[in-house]
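Novice: Before anything else, here's the structure in question.
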Amino acid sequence: MTQPIGTKKSGFRWLLISGVSFFLLLGLTILLTEVFGLPEEASYAIGIVVVMASNFLFCRYYIFEAGSESFFKQLGGFLAGTIVFRPLEYLTFLGLHTGLGLDYRLTVAVVSVGALVAKFFTYKRFVFRRPASSPAMT
């Protein structure tokens, strides 16, 4: 059996791929809108789908190195995580901004960082975990 990748290594990879995903979404949205003439809404929607698919593959094969586990089980867990996290992020934004009156820019930053950390540990622990023959390295 393979040993789970350490938290530091996978955490660094998570941050790296998060940055790549941001620029991929931005670039793809601009490309589809400016070069191919698609409406902004359609371009962004296509970008989201491409980024979600690439994020899943990056998580599976690069960030958590869990490619030997069930593809469809991991895909289901990843999609379930997305379905749960996005509304929670929005509700947290509403609570902090609308409820407590925090500035929307600060709220976006706080919610985004919190979600980044929460998703990392959720996906690492529940979706892309690998059986280990010995304890994980940290």
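To be explicit about the labels: the chains of the structure tokens are called A, B, and onward in the order shown, and within each one the residues are counted from 1, while ligands get numbers from 1 in the order they are shown.
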Within 6 Å of segment 66-73 of chain A, counting only C-alpha atoms, which residues qualify if same-chain residues fewer than 5 places away don't, as an MDAnalysis selection string?
Specialist: chainID A and resid 60:61 128
Novice: Just write the chosen residues, N, CA, C and O atoms, as a PDB file, in the first residue's frame.
Specialist:
ATOM      1  N   ARG A  60      -6.526  14.548  -7.575  1.00  0.00           N
ATOM      2  CA  ARG A  60      -6.369  13.095  -7.647  1.00  0.00           C
ATOM      3  C   ARG A  60      -4.934  12.673  -7.941  1.00  0.00           C
ATOM      4  O   ARG A  60      -4.392  11.786  -7.290  1.00  0.00           O
ATOM      5  N   TYR A  61      -4.329  13.299  -8.931  1.00  0.00           N
ATOM      6  CA  TYR A  61      -3.043  12.811  -9.419  1.00  0.00           C
ATOM      7  C   TYR A  61      -1.830  13.601  -8.937  1.00  0.00           C
ATOM      8  O   TYR A  61      -0.725  13.075  -8.939  1.00  0.00           O
ATOM      9  N   PHE A 128      -9.728  12.203  -1.015  1.00  0.00           N
ATOM     10  CA  PHE A 128      -8.526  11.719  -1.682  1.00  0.00           C
ATOM     11  C   PHE A 128      -7.564  11.008  -0.727  1.00  0.00           C
ATOM     12  O   PHE A 128      -6.364  10.985  -0.942  1.00  0.00           O
TER      13      PHE A 128
END
Novice: Mind pulling up the distance from atom CA of Phe120 of chain A to atom CA of Phe12 of chain A?
Specialist: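 Between atom CA of Phe12 of chain A and atom CA of Phe120 of chain A the gap is 10.6 Å.
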Novice: State, in Å with one decimal place, the distance from atom CA of Ile63 of chain A to atom CA of Leu88 of chain A.
Specialist: 23.6 Å
Novice: Grab the atom CA of Val20 of chain A to atom CA of Arg129 of chain A distance for me, in Å with one decimal place.
Specialist: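 Taking atom CA of Val20 of chain A and atom CA of Arg129 of chain A, their separation equals 22.8 Å.
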Novice: Compile the contact shell of Glu41 of chain A as an MDAnalysis selection string: residues with an atom at most 12 Å away, counting only C-alpha atoms, same-chain residues fewer than 6 positions apart removed.
Specialist: chainID A and resid 29:30 32:33 47:48
Novice: For His97 of chain A, please output as JSON, numbers by chain all residues within 12 Å (counting only C-alpha atoms; exclusion window: fewer than 4 positions along the same chain).
Specialist: {"A": [89, 90, 91, 92, 93, 101, 102, 103, 104, 105, 106, 107, 108, 109, 110, 111]}
